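**Q** Can you keep this structure in mind? I'll have questions shortly.
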Amino acid sequence: MASKNSITRLSSRLLAETFRPSRSRPRQCLRAPVFKITRQFSASRHQNLMDVSGFTEEQLTVRDAIQKICAQFPNEYWQQHDQSETDPKELHAALAADGWLGIALPEEFGGAGLGISEATMMLQTISQSGAGMAGAQSIHANVYATQPLAKFGNKEQLESTIPSIISGKTRVCFGVTEPNTGLDTLRLKTTATRKGDKYVITGQKIWITCAQVASKMILLARTTPLEEVKKPSEGLSMFCIDIDKSNPALELKKIKKMGGRAVDANEVFFDHYEIPANTLIGTEGQGFKIILHGMNAERCLLAGEALGLGYAAIEKAAKYAKERVVFGRPIGKNQAIAHPLADAYMNLEAAKLAAYNAARLYDKSRQDKSISQHAVGVACNSAKYLAAEAAFRACERAVMTHGGMGYAAEYDVERYLRECLVPRIAPVSREMILNFVSEKVLDLPRSY
């Protein structure tokens, strides 16, 4: 969990930010001086839907600071970036300028030293501000993909790469998924072959977010052939590599996609791409154990992003239902409109409890050995599943509440619906989470 020094520093930074202009914004407007930290949930003017009872002061401090940054980026900004498929570099720069990219990284390297509980709140706040999944995903890898690096990285990686990521100078992407293995991570085909003081990378990755704008990749590759290891989980290694787009041995191909268009997704091809041996993270052959350190954290973060999207959608739908008058009365007066929205809200609230309980368990398990990794894994996967389903229900009902206008880009809910499919699919599908719970909790036979 967060240290008192971290929170004191964050609170001081928040108050200091109140009295000076922001360094990076798409709209030129000064922050108005205020002397009291407000508790409106997000950058949007009306977002009071989520009950904040029970959150820690650390989480609420993060929430308030992030909403002030996100207030610089109105819905029109995200509409434009979605339609033009342009990276939201201004948001990344604004968050970096105030140190938020290092929210869960060690203080000794310039991070805030906070936990995944606070990072989940940050990403939910970004998503709920109107930025949606695209805004959150633009910094997503900076939070979770750097966790294994911070824990297992060598001295040079810790002292140079991590501060560069926190400052915003270096952007990161995560290279795990492959087209022919999908969720069967232990059978990755990409290889890293040791040759003297280098490794040679050959293979293909897919759905690599932000590879076009990143300069570093956290890469998982096989260093020992599958047939030569005792267990499939052995022989995989993790690297922190440079993305040298001028090198002909590396090729990036952007994927045209349904939603989250402001952030790029890519196929990445390695054809005997050479990297220094000192880019290895931790011990050779232990990459799968290392990557597990970040997987549960990512489940929590994605749950937060989904929640933010769902709350944003329900807020817009409720507002529209109060203002839209048909047959002489607001449509929200009809139970056929009101009840589905109320149901969606309750599902979001339930998923919120699951998400922040999972994040709390993840953080506490670092010191409290009575909390098993099995319990953390079940909680984090369950939270991701529940939040994704709740967000989908909220976004679909928001579009239907708007009727024909729900199909119009200017009302934003169509963008939310396109984006809310991401947490249902990635980084692990709903069905695989159900398989996991069936097998690990209910002790049912494995189905695959």
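Chain labels follow the order of the structure tokens: the first chain is A, the next B, and so on; residue numbering restarts at 1 in every chain, and ligands are counted from 1 in their shown order.
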Give the helix (DSSP H, G or I) residues of range 308-346 of chain A, as DSSP finds them on the backbone, and put them as a VMD selection string.

**A** chain A and resid 308 to 323 331 to 333 335 to 346

**Q** Using the selection just defined, write its residues with N, CA and C atoms as a tab-separated table (two decimals), in the first residue's frame.

**A**
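Listed below is the output, selection-v9.tsv:
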chain	number	residue	atom	x	y	z
A	308	GLY	N	-15.02	2.66	-15.28
A	308	GLY	CA	-15.08	4.06	-15.68
A	308	GLY	C	-15.93	4.27	-16.91
A	309	LEU	N	-15.78	3.39	-17.88
A	309	LEU	CA	-16.56	3.47	-19.11
A	309	LEU	C	-18.04	3.26	-18.82
A	310	GLY	N	-18.35	2.27	-17.97
A	310	GLY	CA	-19.73	1.99	-17.64
A	310	GLY	C	-20.41	3.14	-16.92
A	311	TYR	N	-19.73	3.71	-15.93
A	311	TYR	CA	-20.30	4.85	-15.20
A	311	TYR	C	-20.51	6.05	-16.12
A	312	ALA	N	-19.55	6.29	-17.01
A	312	ALA	CA	-19.69	7.40	-17.96
A	312	ALA	C	-20.92	7.21	-18.84
A	313	ALA	N	-21.13	5.98	-19.30
A	313	ALA	CA	-22.27	5.67	-20.18
A	313	ALA	C	-23.59	5.86	-19.44
A	314	ILE	N	-23.68	5.35	-18.21
A	314	ILE	CA	-24.92	5.46	-17.44
A	314	ILE	C	-25.23	6.91	-17.10
A	315	GLU	N	-24.18	7.67	-16.80
A	315	GLU	CA	-24.40	9.08	-16.51
A	315	GLU	C	-24.99	9.81	-17.71
A	316	LYS	N	-24.43	9.56	-18.88
A	316	LYS	CA	-24.95	10.20	-20.09
A	316	LYS	C	-26.38	9.76	-20.38
A	317	ALA	N	-26.65	8.47	-20.18
A	317	ALA	CA	-27.99	7.95	-20.45
A	317	ALA	C	-29.02	8.55	-19.50
A	318	ALA	N	-28.67	8.65	-18.22
A	318	ALA	CA	-29.60	9.21	-17.24
A	318	ALA	C	-29.87	10.69	-17.53
A	319	LYS	N	-28.84	11.41	-17.89
A	319	LYS	CA	-29.01	12.82	-18.23
A	319	LYS	C	-29.92	12.99	-19.45
A	320	TYR	N	-29.68	12.17	-20.48
A	320	TYR	CA	-30.50	12.24	-21.69
A	320	TYR	C	-31.95	11.87	-21.37
A	321	ALA	N	-32.15	10.85	-20.53
A	321	ALA	CA	-33.50	10.40	-20.20
A	321	ALA	C	-34.29	11.46	-19.44
A	322	LYS	N	-33.60	12.32	-18.72
A	322	LYS	CA	-34.28	13.42	-18.02
A	322	LYS	C	-34.61	14.57	-18.96
A	323	GLU	N	-33.78	14.77	-19.99
A	323	GLU	CA	-33.94	15.93	-20.87
A	323	GLU	C	-34.79	15.64	-22.11
A	331	ILE	N	-38.54	10.87	-21.13
A	331	ILE	CA	-38.57	9.42	-21.35
A	331	ILE	C	-38.11	8.66	-20.11
A	332	GLY	N	-37.35	9.29	-19.25
A	332	GLY	CA	-36.90	8.64	-18.03
A	332	GLY	C	-38.03	8.36	-17.04
A	333	LYS	N	-39.22	8.95	-17.32
A	333	LYS	CA	-40.37	8.68	-16.47
A	333	LYS	C	-40.96	7.30	-16.76
A	335	GLN	N	-40.75	3.34	-16.98
A	335	GLN	CA	-39.97	2.30	-16.33
A	335	GLN	C	-39.16	1.48	-17.33
A	336	ALA	N	-39.64	1.40	-18.56
A	336	ALA	CA	-38.90	0.67	-19.59
A	336	ALA	C	-37.55	1.32	-19.88
A	337	ILE	N	-37.43	2.60	-19.57
A	337	ILE	CA	-36.14	3.31	-19.69
A	337	ILE	C	-35.41	3.29	-18.35
A	338	ALA	N	-36.11	3.62	-17.28
A	338	ALA	CA	-35.48	3.79	-15.97
A	338	ALA	C	-34.95	2.49	-15.38
A	339	HIS	N	-35.72	1.42	-15.47
A	339	HIS	CA	-35.32	0.18	-14.79
A	339	HIS	C	-34.06	-0.45	-15.38
A	340	PRO	N	-33.91	-0.52	-16.71
A	340	PRO	CA	-32.65	-1.06	-17.23
A	340	PRO	C	-31.43	-0.25	-16.81
A	341	LEU	N	-31.59	1.07	-16.70
A	341	LEU	CA	-30.46	1.90	-16.27
A	341	LEU	C	-30.15	1.67	-14.79
A	342	ALA	N	-31.20	1.53	-13.99
A	342	ALA	CA	-31.00	1.25	-12.56
A	342	ALA	C	-30.32	-0.10	-12.37
A	343	ASP	N	-30.74	-1.08	-13.15
A	343	ASP	CA	-30.13	-2.41	-13.09
A	343	ASP	C	-28.64	-2.34	-13.47
A	344	ALA	N	-28.35	-1.59	-14.54
A	344	ALA	CA	-26.96	-1.45	-14.98
A	344	ALA	C	-26.11	-0.77	-13.91
A	345	TYR	N	-26.68	0.24	-13.26
A	345	TYR	CA	-25.95	0.94	-12.20
A	345	TYR	C	-25.62	-0.01	-11.05
A	346	MET	N	-26.58	-0.82	-10.63
A	346	MET	CA	-26.34	-1.74	-9.52
A	346	MET	C	-25.28	-2.77	-9.88

**Q** If DSSP is run on the backbone, what residues of range 199-328 of chain A are strand (DSSP E or B)? A reply as a PyMOL selection string would be ideal.

**A** chain A and resi 199-209+216-222+236-242+250-254+265-276+280-281+286+325-326

**Q** Can you list, as a short mmCIF file (atom, residue, chain, number, x, y, z; two decimals) with N, CA and C atoms, in the first residue's frame, every protein, DNA or RNA residue that comes within 10 Å of Ser237 in chain A when you count only C-alpha atoms, leaving out same-chain residues fewer than 6 positions away?

**A**
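So around-v8.cif came out as:
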data_model
loop_
_atom_site.label_atom_id
_atom_site.label_comp_id
_atom_site.auth_asym_id
_atom_site.auth_seq_id
_atom_site.Cartn_x
_atom_site.Cartn_y
_atom_site.Cartn_z
N THR A 191 11.26 -16.68 -30.72
CA THR A 191 12.47 -17.19 -30.06
C THR A 191 13.49 -16.08 -29.85
N ALA A 192 14.29 -16.26 -28.80
CA ALA A 192 15.43 -15.39 -28.52
C ALA A 192 16.64 -16.30 -28.36
N LEU A 219 9.23 -7.70 -23.68
CA LEU A 219 9.03 -8.81 -24.61
C LEU A 219 9.18 -10.16 -23.91
N LEU A 220 8.26 -11.07 -24.22
CA LEU A 220 8.37 -12.45 -23.74
C LEU A 220 8.67 -13.34 -24.94
N ALA A 221 9.76 -14.10 -24.85
CA ALA A 221 10.18 -14.97 -25.95
C ALA A 221 10.75 -16.27 -25.39
N ARG A 222 10.79 -17.28 -26.23
CA ARG A 222 11.32 -18.58 -25.80
C ARG A 222 12.82 -18.64 -26.05
N THR A 223 13.59 -18.90 -24.98
CA THR A 223 15.04 -19.01 -25.08
C THR A 223 15.51 -20.46 -25.08
N THR A 224 14.67 -21.37 -24.64
CA THR A 224 14.96 -22.81 -24.70
C THR A 224 13.79 -23.49 -25.40
N LEU A 280 17.96 -8.59 -20.90
CA LEU A 280 17.25 -9.66 -20.19
C LEU A 280 16.77 -9.16 -18.83
N ILE A 281 15.51 -9.45 -18.51
CA ILE A 281 14.96 -9.11 -17.20
C ILE A 281 14.99 -10.36 -16.32
N GLY A 282 15.68 -10.29 -15.21
CA GLY A 282 15.77 -11.43 -14.31
C GLY A 282 16.64 -12.54 -14.88
N THR A 283 16.25 -13.78 -14.61
CA THR A 283 17.02 -14.95 -15.01
C THR A 283 16.47 -15.55 -16.29
N GLU A 284 17.38 -15.96 -17.17
CA GLU A 284 16.95 -16.61 -18.40
C GLU A 284 16.14 -17.86 -18.08
N GLY A 285 15.05 -18.04 -18.81
CA GLY A 285 14.21 -19.21 -18.63
C GLY A 285 13.12 -19.06 -17.59
N GLN A 286 13.13 -17.94 -16.84
CA GLN A 286 12.15 -17.71 -15.78
C GLN A 286 11.13 -16.64 -16.15
N GLY A 287 11.01 -16.37 -17.44
CA GLY A 287 10.14 -15.28 -17.89
C GLY A 287 8.67 -15.46 -17.55
N PHE A 288 8.20 -16.73 -17.57
CA PHE A 288 6.78 -16.93 -17.29
C PHE A 288 6.48 -16.61 -15.83
N LYS A 289 7.36 -17.00 -14.92
CA LYS A 289 7.16 -16.67 -13.51
C LYS A 289 7.19 -15.15 -13.31
N ILE A 290 8.06 -14.50 -14.06
CA ILE A 290 8.19 -13.05 -13.94
C ILE A 290 6.93 -12.35 -14.45
N ILE A 291 6.41 -12.82 -15.57
CA ILE A 291 5.25 -12.16 -16.17
C ILE A 291 4.00 -12.31 -15.30
#

**Q** Let me make sure I understand: among A:Val263, A:Val172, A:Leu307, A:Ala409, which one has the smallest atom-to-atom distance to Ile241 in chain A if we use only C-alpha atoms?

**A**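 The answer is A:Val172, which sits nearest to Ile241 in chain A.
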
**Q** Tell me, in Å to one decimal, how far CA of Leu101 in chain A is from CA of Gly135 in chain A.

**A**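 According to the coordinates, CA of Leu101 in chain A and CA of Gly135 in chain A are separated by 13.1 Å.
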
**Q** Which residues, written as a short mmCIF file (atom, residue, chain, number, x, y, z; two decimals) with N, CA and C atoms, in the first residue's frame, have at least one atom at most 7 Å from Ala112 in chain A, with only C-alpha atoms counted and residues fewer than 6 positions away on the same chain left out?

**A**
data_model
loop_
_atom_site.label_atom_id
_atom_site.label_comp_id
_atom_site.auth_asym_id
_atom_site.auth_seq_id
_atom_site.Cartn_x
_atom_site.Cartn_y
_atom_site.Cartn_z
N SER A 6 4.44 9.13 0.53
CA SER A 6 3.90 9.23 -0.83
C SER A 6 2.65 10.07 -0.85
N GLY A 102 4.36 7.01 -12.94
CA GLY A 102 5.08 6.18 -11.98
C GLY A 102 4.28 5.90 -10.73
N ILE A 103 2.96 5.92 -10.82
CA ILE A 103 2.11 5.81 -9.64
C ILE A 103 2.41 4.57 -8.81
N ALA A 104 2.69 3.44 -9.45
CA ALA A 104 2.92 2.20 -8.71
C ALA A 104 4.37 1.74 -8.78
N LEU A 105 5.26 2.65 -9.14
CA LEU A 105 6.69 2.33 -9.21
C LEU A 105 7.42 2.87 -7.99
N PRO A 106 8.57 2.30 -7.65
CA PRO A 106 9.27 2.65 -6.40
C PRO A 106 9.67 4.13 -6.32
#

**Q** In terms of the shortest atom-to-atom distance over only C-alpha atoms, which of A:Pro148, A:Gly110, A:Gly406, A:Gly260 is closest to Ser84 in chain A?

**A**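 Going through A:Pro148, A:Gly110, A:Gly406, A:Gly260 one by one, the smallest distance to Ser84 in chain A is for A:Gly260.
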
**Q** Have a look at A:Thr185, A:Asn247, A:Ser167, A:Thr146 and name the one nearest to Met217 in chain A; count only C-alpha atoms.

**A** A:Thr146

**Q** Calculate how many Å separate CA of Ile116 in chain A from CA of Phe73 in chain A, rounding to one decimal.

**A**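 Distance between the two atoms: 24.4 Å.
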